[in-house]
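Visitor: I'm passing along target.csv; it holds CSV, C-alpha atoms.
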chain,number,residue,atom,x,y,z
L,1,MET,CA,-293.3,-20.5,-142.8
L,2,THR,CA,-295.2,-17.5,-144.2
L,3,THR,CA,-294.7,-18.9,-147.7
L,4,LEU,CA,-296.1,-22.3,-146.8
L,5,ARG,CA,-299.1,-20.7,-145.0
L,6,TYR,CA,-299.8,-18.5,-148.0
L,7,ALA,CA,-299.6,-21.5,-150.4
L,8,LEU,CA,-301.9,-23.6,-148.2
L,9,THR,CA,-304.4,-20.7,-147.9
L,10,ARG,CA,-304.4,-20.3,-151.7
L,11,LEU,CA,-304.8,-24.1,-152.2
L,12,GLY,CA,-307.7,-24.2,-149.7
L,13,GLY,CA,-309.4,-21.3,-151.5
L,14,MET,CA,-309.0,-23.0,-154.9
L,15,VAL,CA,-310.5,-26.2,-153.5
L,16,LEU,CA,-313.4,-24.3,-152.0
L,17,VAL,CA,-314.2,-22.4,-155.2
L,18,LEU,CA,-314.0,-25.5,-157.3
L,19,LEU,CA,-316.4,-27.3,-154.9
L,20,ILE,CA,-318.9,-24.3,-155.2
L,21,VAL,CA,-318.5,-24.4,-159.0
L,22,ALA,CA,-319.0,-28.1,-159.1
L,23,PHE,CA,-322.1,-27.9,-156.9
L,24,CYS,CA,-323.7,-25.1,-158.8
L,25,THR,CA,-323.1,-26.7,-162.2
L,26,PHE,CA,-324.4,-30.0,-160.9
L,27,VAL,CA,-327.6,-28.5,-159.6
L,28,VAL,CA,-328.1,-26.6,-162.9
L,29,PHE,CA,-327.5,-29.5,-165.2
L,30,TYR,CA,-328.9,-32.4,-163.2
L,31,LEU,CA,-331.9,-30.9,-161.5
L,32,VAL,CA,-333.4,-29.4,-164.6
L,33,PRO,CA,-336.5,-31.0,-166.1
L,34,SER,CA,-334.5,-32.7,-168.9
L,35,ASP,CA,-333.7,-36.3,-167.9
L,36,PRO,CA,-330.3,-37.5,-169.2
L,37,ALA,CA,-331.5,-41.1,-168.7
L,38,LEU,CA,-334.5,-40.5,-170.9
L,39,LEU,CA,-332.2,-39.1,-173.6
L,40,ALA,CA,-330.1,-42.2,-173.5
L,41,CYS,CA,-333.0,-44.6,-173.2
L,42,GLY,CA,-333.5,-45.0,-177.0
L,43,LYS,CA,-336.8,-45.8,-178.8
L,44,PRO,CA,-339.1,-47.2,-177.9
L,45,CYS,CA,-338.4,-46.1,-174.3
L,46,THR,CA,-340.4,-48.3,-172.0
L,47,PRO,CA,-340.6,-47.7,-168.3
L,48,GLU,CA,-338.5,-50.8,-167.7
L,49,ASN,CA,-335.8,-49.6,-170.1
L,50,LEU,CA,-335.9,-46.1,-168.5
L,51,ALA,CA,-335.4,-47.6,-165.1
L,52,LEU,CA,-332.5,-49.7,-166.3
L,53,ALA,CA,-330.9,-46.6,-168.0
L,54,ARG,CA,-331.3,-44.5,-164.8
L,55,GLU,CA,-329.7,-47.3,-162.7
L,56,PHE,CA,-326.9,-47.7,-165.2
L,57,MET,CA,-326.1,-44.0,-165.2
L,58,GLY,CA,-326.5,-43.6,-161.5
L,59,PHE,CA,-329.6,-41.4,-161.6
L,60,ASP,CA,-331.7,-43.7,-159.4
L,61,GLU,CA,-329.9,-42.3,-156.3
L,62,PRO,CA,-330.8,-39.2,-154.3
L,63,TRP,CA,-329.4,-36.0,-155.9
L,64,TRP,CA,-327.0,-35.4,-153.0
L,65,GLN,CA,-325.6,-38.9,-153.3
L,66,GLN,CA,-325.2,-38.4,-157.1
L,67,PHE,CA,-323.2,-35.2,-156.3
L,68,LEU,CA,-320.9,-37.0,-153.9
L,69,THR,CA,-320.4,-39.9,-156.4
L,70,PHE,CA,-319.5,-37.3,-159.0
L,71,LEU,CA,-316.9,-35.7,-156.7
L,72,GLY,CA,-315.5,-39.1,-155.8
L,73,GLY,CA,-315.1,-39.9,-159.5
L,74,ILE,CA,-312.8,-36.9,-160.0
L,75,PHE,CA,-310.4,-38.2,-157.4
L,76,THR,CA,-310.7,-42.0,-157.6
L,77,GLY,CA,-312.5,-42.7,-160.9
L,78,ARG,CA,-316.0,-44.1,-161.4
L,79,THR,CA,-317.7,-47.2,-162.8
L,80,PHE,CA,-321.1,-47.0,-164.5
L,81,GLY,CA,-323.1,-50.2,-164.4
L,82,ALA,CA,-321.9,-53.7,-163.5
L,83,GLY,CA,-320.8,-56.9,-165.1
L,84,ALA,CA,-319.8,-57.2,-168.8
L,85,THR,CA,-321.5,-54.0,-169.8
L,86,ALA,CA,-319.8,-51.9,-167.1
L,87,ILE,CA,-318.0,-48.7,-168.2
L,88,HIS,CA,-315.0,-47.5,-166.2
L,89,CYS,CA,-314.1,-43.8,-166.2
L,90,ALA,CA,-310.5,-43.4,-164.9
L,91,ALA,CA,-309.6,-40.6,-162.5
L,92,PRO,CA,-309.9,-37.7,-162.9
L,93,CYS,CA,-313.4,-38.5,-164.2
L,94,PHE,CA,-315.3,-35.4,-165.2
L,95,GLY,CA,-318.2,-37.6,-166.4
L,96,TYR,CA,-319.0,-40.0,-169.2
L,97,SER,CA,-320.8,-39.0,-172.4
L,98,PHE,CA,-323.3,-41.7,-173.2
L,99,ARG,CA,-324.3,-39.8,-176.3
L,100,GLN,CA,-320.7,-40.0,-177.7
L,101,ASN,CA,-319.6,-43.2,-175.8
L,102,ALA,CA,-316.5,-41.4,-174.5
L,103,ASP,CA,-314.9,-40.1,-171.4
L,104,VAL,CA,-315.7,-36.4,-171.1
L,105,LEU,CA,-312.0,-35.6,-170.2
L,106,GLU,CA,-310.9,-37.4,-173.4
L,107,LEU,CA,-313.3,-35.2,-175.4
L,108,ILE,CA,-311.9,-32.1,-173.7
L,109,GLY,CA,-308.4,-33.3,-174.3
L,110,ASP,CA,-309.1,-33.8,-178.0
L,111,ARG,CA,-310.4,-30.2,-178.4
L,112,LEU,CA,-308.1,-28.4,-175.9
L,113,PRO,CA,-305.1,-28.0,-178.2
L,114,VAL,CA,-307.2,-26.0,-180.6
L,115,THR,CA,-308.6,-23.7,-177.9
L,116,PHE,CA,-305.1,-23.3,-176.3
L,117,SER,CA,-303.6,-22.4,-179.7
L,118,LEU,CA,-306.3,-19.7,-180.2
L,119,ALA,CA,-305.9,-18.4,-176.6
L,120,ILE,CA,-302.1,-18.2,-176.4
L,121,GLY,CA,-301.6,-16.5,-179.7
L,122,ALA,CA,-304.4,-14.0,-179.1
L,123,ALA,CA,-303.2,-13.3,-175.5
L,124,VAL,CA,-299.6,-12.5,-176.8
L,125,LEU,CA,-301.0,-10.1,-179.3
L,126,TRP,CA,-303.5,-8.3,-177.1
L,127,VAL,CA,-301.1,-7.9,-174.2
L,128,GLY,CA,-298.1,-6.9,-176.3
L,129,VAL,CA,-299.8,-4.6,-178.6
L,130,GLY,CA,-302.4,-3.3,-176.1
L,131,VAL,CA,-299.8,-2.4,-173.5
L,132,ALA,CA,-297.4,-0.9,-176.0
L,133,ILE,CA,-300.1,1.4,-177.4
L,134,GLY,CA,-301.4,2.3,-174.0
L,135,VAL,CA,-297.9,3.3,-172.7
L,136,TYR,CA,-297.1,5.3,-175.8
L,137,ALA,CA,-300.5,7.0,-175.7
L,138,ALA,CA,-299.9,8.0,-172.1
L,139,LEU,CA,-296.4,9.4,-172.9
L,140,ARG,CA,-297.9,11.4,-175.8
L,141,LYS,CA,-301.0,12.5,-174.0
L,142,ASP,CA,-303.4,14.7,-176.1
L,143,SER,CA,-301.5,14.0,-179.3
L,144,TRP,CA,-303.1,12.6,-182.4
L,145,PHE,CA,-301.8,9.1,-181.5
L,146,ASP,CA,-303.4,9.4,-178.1
L,147,ARG,CA,-306.8,10.4,-179.6
L,148,ALA,CA,-306.6,7.7,-182.2
L,149,ALA,CA,-305.7,5.0,-179.6
L,150,LEU,CA,-308.7,6.1,-177.4
L,151,ALA,CA,-311.0,6.0,-180.5
L,152,GLY,CA,-309.8,2.6,-181.5
L,153,SER,CA,-310.2,1.2,-178.0
L,154,VAL,CA,-313.8,2.5,-177.9
L,155,ILE,CA,-314.5,0.7,-181.1
L,156,GLY,CA,-312.8,-2.5,-179.9
L,157,VAL,CA,-314.8,-2.5,-176.7
L,158,SER,CA,-318.2,-1.8,-178.4
L,159,ALA,CA,-317.9,-4.0,-181.5
L,160,PRO,CA,-319.2,-7.6,-181.0
L,161,VAL,CA,-316.6,-10.2,-181.6
L,162,TYR,CA,-318.8,-12.1,-184.1
L,163,LEU,CA,-319.3,-8.9,-186.2
L,164,VAL,CA,-315.6,-8.2,-186.3
L,165,GLY,CA,-314.9,-11.8,-187.2
L,166,LEU,CA,-317.4,-11.9,-190.0
L,167,LEU,CA,-316.1,-8.6,-191.4
L,168,GLY,CA,-312.6,-10.0,-191.3
L,169,ILE,CA,-313.6,-13.2,-193.1
L,170,LEU,CA,-315.5,-11.2,-195.7
L,171,VAL,CA,-312.8,-8.6,-196.4
L,172,LEU,CA,-309.5,-10.3,-195.7
L,173,GLY,CA,-310.5,-13.8,-196.4
L,174,PHE,CA,-312.8,-13.7,-199.4
L,175,GLN,CA,-312.5,-10.3,-201.1
L,176,LEU,CA,-308.7,-9.7,-200.7
L,177,ASN,CA,-307.8,-13.3,-200.1
L,178,VAL,CA,-304.8,-12.5,-198.0
L,179,VAL,CA,-305.5,-14.9,-195.0
L,180,PRO,CA,-306.9,-18.4,-194.9
L,181,VAL,CA,-310.4,-19.0,-193.5
L,182,GLY,CA,-311.6,-22.1,-191.8
L,183,ASN,CA,-308.3,-24.0,-192.3
L,184,TYR,CA,-306.9,-25.2,-189.0
L,185,THR,CA,-303.7,-27.2,-189.0
L,186,ALA,CA,-302.3,-28.8,-185.9
L,187,PHE,CA,-299.0,-27.4,-184.6
L,188,THR,CA,-297.3,-30.8,-184.7
L,189,GLU,CA,-298.1,-31.2,-188.4
L,190,ASP,CA,-296.9,-27.9,-189.7
L,191,PRO,CA,-296.1,-25.0,-187.3
L,192,VAL,CA,-296.1,-22.4,-190.1
L,193,ARG,CA,-299.5,-23.4,-191.5
L,194,TRP,CA,-300.7,-23.6,-187.9
L,195,ALA,CA,-299.8,-20.0,-187.2
L,196,TRP,CA,-300.9,-18.7,-190.6
L,197,GLY,CA,-304.3,-20.4,-190.3
L,198,LEU,CA,-304.9,-18.7,-186.9
L,199,VAL,CA,-303.7,-15.2,-187.9
L,200,LEU,CA,-307.3,-13.9,-188.5
L,201,PRO,CA,-308.8,-15.4,-185.3
L,202,TRP,CA,-305.9,-14.1,-183.2
L,203,SER,CA,-306.3,-10.6,-184.7
L,204,VAL,CA,-310.0,-10.5,-184.0
L,205,LEU,CA,-309.7,-11.6,-180.4
L,206,ALA,CA,-306.7,-9.3,-179.9
L,207,PHE,CA,-308.7,-6.4,-181.3
L,208,ALA,CA,-311.6,-7.1,-179.0
L,209,HIS,CA,-309.6,-7.8,-175.8
L,210,GLY,CA,-306.7,-5.4,-176.5
L,211,ALA,CA,-309.0,-2.4,-176.4
L,212,HIS,CA,-309.3,-3.0,-172.6
L,213,TYR,CA,-305.6,-3.1,-172.2
L,214,VAL,CA,-305.0,0.1,-174.1
L,215,LYS,CA,-307.4,2.1,-171.8
L,216,LEU,CA,-306.2,0.3,-168.7
L,217,THR,CA,-302.5,0.8,-169.4
L,218,ARG,CA,-302.9,4.4,-170.5
L,219,THR,CA,-304.9,5.3,-167.3
L,220,GLN,CA,-302.4,3.5,-165.0
L,221,MET,CA,-299.4,5.0,-166.8
L,222,LEU,CA,-300.7,8.5,-166.4
L,223,GLU,CA,-301.3,8.0,-162.7
L,224,THR,CA,-297.9,6.3,-162.2
L,225,MET,CA,-296.0,9.0,-164.0
L,226,SER,CA,-297.4,11.6,-161.6
L,227,GLU,CA,-296.2,9.8,-158.5
L,228,ASP,CA,-293.5,11.1,-156.2
L,229,PHE,CA,-291.0,8.3,-156.8
L,230,ILE,CA,-291.1,9.1,-160.6
L,231,ARG,CA,-290.2,12.7,-159.9
L,232,THR,CA,-287.5,11.6,-157.6
L,233,ALA,CA,-286.0,9.3,-160.2
L,234,ARG,CA,-286.0,12.1,-162.7
L,235,ALA,CA,-284.5,14.5,-160.2
L,236,LYS,CA,-281.6,12.1,-159.7
L,237,GLY,CA,-280.9,12.1,-163.4
L,238,VAL,CA,-282.1,8.6,-164.2
L,239,PRO,CA,-282.6,8.3,-168.0
L,240,GLU,CA,-286.2,8.6,-169.1
L,241,ARG,CA,-286.1,5.1,-170.7
L,242,THR,CA,-285.2,3.6,-167.3
L,243,VAL,CA,-287.8,5.7,-165.5
L,244,VAL,CA,-290.5,4.4,-167.9
L,245,GLY,CA,-289.3,0.9,-168.4
L,246,LYS,CA,-288.1,-0.1,-165.0
L,247,HIS,CA,-290.0,2.1,-162.5
L,248,ALA,CA,-293.3,3.1,-164.1
L,249,LEU,CA,-294.0,0.1,-166.2
L,250,ARG,CA,-293.5,-2.4,-163.4
L,251,ASN,CA,-296.3,-0.8,-161.4
L,252,VAL,CA,-298.5,-0.5,-164.5
L,253,LEU,CA,-298.2,-4.2,-165.2
L,254,LEU,CA,-299.9,-5.3,-161.9
L,255,PRO,CA,-303.5,-4.7,-163.0
L,256,VAL,CA,-302.6,-5.8,-166.5
L,257,VAL,CA,-301.4,-9.2,-165.2
L,258,THR,CA,-304.5,-9.6,-163.1
L,259,LEU,CA,-306.8,-9.0,-166.1
L,260,THR,CA,-304.7,-11.2,-168.4
L,261,GLY,CA,-304.9,-14.1,-166.0
L,262,ILE,CA,-308.7,-13.9,-165.7
L,263,GLU,CA,-309.3,-13.5,-169.4
L,264,PHE,CA,-306.8,-16.1,-170.5
L,265,GLY,CA,-308.2,-18.7,-168.1
L,266,SER,CA,-311.7,-17.9,-169.3
L,267,LEU,CA,-310.7,-18.1,-172.9
L,268,LEU,CA,-309.1,-21.6,-172.3
L,269,GLY,CA,-312.6,-22.7,-171.2
L,270,GLY,CA,-313.8,-22.2,-174.7
L,271,ALA,CA,-314.0,-19.1,-177.0
L,272,VAL,CA,-317.5,-20.2,-178.1
L,273,ILE,CA,-318.3,-17.3,-180.5
L,274,THR,CA,-314.9,-17.0,-182.1
L,275,GLU,CA,-314.5,-20.7,-182.6
L,276,ARG,CA,-318.0,-20.9,-184.1
L,277,VAL,CA,-317.3,-18.0,-186.5
L,278,PHE,CA,-314.1,-19.4,-187.7
L,279,SER,CA,-315.2,-23.1,-187.6
L,280,LEU,CA,-312.4,-24.1,-185.2
L,281,PRO,CA,-312.9,-27.5,-183.5
L,282,GLY,CA,-312.2,-26.3,-180.0
L,283,LEU,CA,-313.9,-26.5,-176.6
L,284,GLY,CA,-316.4,-23.9,-177.7
L,285,GLY,CA,-317.6,-26.2,-180.5
L,286,LEU,CA,-317.8,-29.1,-178.0
L,287,LEU,CA,-320.0,-27.0,-175.8
L,288,ILE,CA,-322.3,-26.0,-178.7
L,289,GLU,CA,-322.5,-29.7,-179.8
L,290,ALA,CA,-323.3,-30.8,-176.2
L,291,VAL,CA,-326.1,-28.1,-176.0
L,292,HIS,CA,-327.7,-29.2,-179.3
L,293,ALA,CA,-327.5,-32.9,-178.3
L,294,ARG,CA,-328.5,-32.1,-174.7
L,295,ASP,CA,-325.4,-34.0,-173.6
L,296,LEU,CA,-325.5,-33.0,-169.9
L,297,PRO,CA,-322.4,-34.9,-168.7
L,298,THR,CA,-320.3,-33.2,-171.4
L,299,LEU,CA,-321.8,-29.8,-170.4
L,300,LEU,CA,-321.0,-30.4,-166.7
L,301,GLY,CA,-317.5,-31.6,-167.4
L,302,CYS,CA,-316.6,-28.7,-169.7
L,303,THR,CA,-318.1,-26.1,-167.3
L,304,LEU,CA,-316.2,-27.6,-164.3
L,305,PHE,CA,-313.0,-27.8,-166.4
L,306,ALA,CA,-313.3,-24.1,-167.4
L,307,GLY,CA,-313.8,-23.2,-163.8
L,308,PHE,CA,-310.7,-25.1,-162.8
L,309,LEU,CA,-308.7,-23.2,-165.5
L,310,VAL,CA,-309.9,-19.8,-164.2
L,311,VAL,CA,-309.0,-20.7,-160.6
L,312,VAL,CA,-305.6,-21.9,-161.6
L,313,ALA,CA,-305.0,-18.8,-163.7
L,314,ASN,CA,-305.9,-16.5,-160.7
L,315,ALA,CA,-303.5,-18.5,-158.5
L,316,VAL,CA,-300.7,-18.0,-161.0
L,317,VAL,CA,-301.4,-14.3,-161.1
L,318,ASP,CA,-301.2,-14.0,-157.3
L,319,LEU,CA,-297.9,-15.7,-157.3
L,320,SER,CA,-296.5,-13.5,-160.1
L,321,TYR,CA,-297.1,-10.3,-158.0
L,322,GLY,CA,-293.9,-11.0,-156.1
L,323,VAL,CA,-291.9,-10.8,-159.3
L,324,LEU,CA,-293.4,-7.6,-160.5
L,325,ASP,CA,-293.7,-5.8,-157.1
L,326,PRO,CA,-291.0,-6.4,-154.4
L,327,ARG,CA,-293.5,-5.2,-151.8
L,328,ALA,CA,-295.7,-8.2,-152.5
L,329,ARG,CA,-293.0,-10.8,-152.1
L,330,LEU,CA,-293.3,-13.4,-149.4
L,331,THR,CA,-290.6,-13.4,-146.8
Written as structure tokens, that's how I'd like the structure from this file.

Guide:
Amino acid sequence: MTTLRYALTRLGGMVLVLLIVAFCTFVVFYLVPSDPALLACGKPCTPENLALAREFMGFDEPWWQQFLTFLGGIFTGRTFGAGATAIHCAAPCFGYSFRQNADVLELIGDRLPVTFSLAIGAAVLWVGVGVAIGVYAALRKDSWFDRAALAGSVIGVSAPVYLVGLLGILVLGFQLNVVPVGNYTAFTEDPVRWAWGLVLPWSVLAFAHGAHYVKLTRTQMLETMSEDFIRTARAKGVPERTVVGKHALRNVLLPVVTLTGIEFGSLLGGAVITERVFSLPGLGGLLIEAVHARDLPTLLGCTLFAGFLVVVANAVVDLSYGVLDPRARLT
């Protein structure tokens, strides 16, 4: 019963957050001075043609009714216009791009594999390497490795991603020619070329994000190793590897998992700068193209989709606490 209540509470919270995100993005993108119907009207745009375009796109209704229609389209689908020229957007309908004549969710689906490939590889690197360095630095406090790790984390936090990416392209891509640049291959075509083509973007993102994990893991590890239960385990003769790996690391991973869920969910929404620097055709590129074209339905759909990913990632993080910490398990 407690588990069901917790799940329903989390589900209700997710729905509420998504409604707030949808409302805010709708207000920002549809109540701005720029008129999507005017952009789709064509030239010459007479008042009659503009009125027809607004009616076809549903912008002739009050803003609150437009918002309710948009929400209804997510669950039941939506039809723009009527008759032979009608356009049907199947559920879940995140909007329809009249600039590209395509369902926004289809546009997102075409770009999502690229962004997911970038996010999953970078996340594995920054969590694995960042946590390992942070743990070792804490166990070797005040050593040369600890000082080097802290210095590297400060550089990683301070350096802009685009600068690190451009330096990586210049040195490793052009001067040394050890990694490919701007050559994305789909995983289904060639897994080896897929991974090799993403080595540099993965490394750049891992360097930027991993710096946070080094500092976080080191701080948490130092605090945990001074706890009473660690001293008790050592007094009982538990091997040091077990003390660190089973008792200390499990507590250290709780804030790490929280940060990973938030950053991974955000990254799936589109790593705009990284994708732009490395010319990757992901969701970040779709957002940039929509901004340049003032494609408001695509902007709204991508923003809402990114919010959905962040909310889901946070829910997964909450459920994973029970695995890492028995005290958080639901009974």

Visitor: Taking into account all atoms listed in the file, which residue in the set L:Leu18, L:Ala151, L:Leu125, L:Leu287 is nearest to L:Val204?

Guide: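 Answer, going by the shortest atom-to-atom distance: L:Leu125.
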
Visitor: Could you check which of L:Met221, L:Ala186, L:Val256, L:Leu309 is closest to L:Arg111, using all atoms listed in the file?

Guide: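 So, comparing all the options, the nearest one is L:Ala186.
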
Visitor: Which residue gives the smallest distance to L:Ile262 among L:Pro297, L:Gly282, L:Gly197, L:Gly307, with all atoms listed in the file counted?

Guide: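 Once distances to L:Ile262 are computed over all atoms listed in the file, the minimum belongs to L:Gly307.
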
Visitor: So that each row is one residue of stretch 189-223 of chain L with an atom at most 12 Å from stretch 227-246 of chain L, can you give its shortest atom pair and the distance in Å to one decimal, using all atoms listed in the file, rows by chain and rising number, as CSV?

Guide:
residue,atom,partner,partner_atom,distance
L:Gln220,CA,L:Glu227,CA,11.0
L:Met221,CA,L:Val244,CA,9.0
L:Leu222,CA,L:Glu227,CA,9.2
L:Glu223,CA,L:Glu227,CA,6.8

Visitor: Looking at L:Ala37, L:Leu105, L:Leu200, L:Cys302, which one is nearest to L:Gly77, with distances taken over only C-alpha atoms?

Guide: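 The closest residue to L:Gly77 is L:Leu105.
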
Visitor: Any idea what the distance is between atom CA of L:Pro92 and atom CA of L:Ala306?

Guide: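 One can read the atom CA of L:Pro92 to atom CA of L:Ala306 distance as 14.7 Å.
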
Visitor: Please, what distance in Å, to one decimal, runs between atom CA of L:Cys41 and atom CA of L:Ala90?

Guide: 24.0 Å

Visitor: Scan for residues within 9 Å of the point (-301.6, -1.9, -177.6) in the coordinates of the file, using all atoms listed in the file, and reply as a list in words.

Guide: Leu125, Trp126, Val127, Gly128, Val129, Gly130, Val131, Ala132, Ile133, Gly134, Val135, Tyr136, Ala149, Gly210, Ala211, Tyr213, Val214 and Thr217 of chain L

Visitor: Just give me the gap between atom CA of L:Gly81 and atom CA of L:Phe26 in Å, one decimal is fine.

Guide: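 Here the two named atoms are 20.5 Å from each other.
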
Visitor: Find the spatial neighbours of L:Arg193, counting only C-alpha atoms, within a cut-off of 12 Å - ignore same-chain residues fewer than 3 positions away - and output them as a ChimeraX atom specification.

Guide: /L:179-181,183-190,196-199

Visitor: Which of these, L:Gly72, L:Pro255, L:Pro62, L:Gly156, has the shortest distance to L:His209 once you count all atoms listed in the file?

Guide: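 Of all the options, L:Gly156 lies closest to L:His209.
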
Visitor: Nearest residue to L:Gly301 out of L:Phe23, L:Ile108, L:Thr79, L:Pro44, using all atoms listed in the file?

Guide: L:Ile108

Visitor: If we count all atoms listed in the file, what is near L:Gly265 at a cut-off of 8 Å, once residues fewer than 2 positions away on the same chain are taken out, given as a list in words?

Guide: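 Listed by chain and then number, they are Gly261, Ile262, Glu263, Leu267, Leu268, Gly269, Ala306, Leu309, Val310, Val311, Val312 and Ala313 of chain L.
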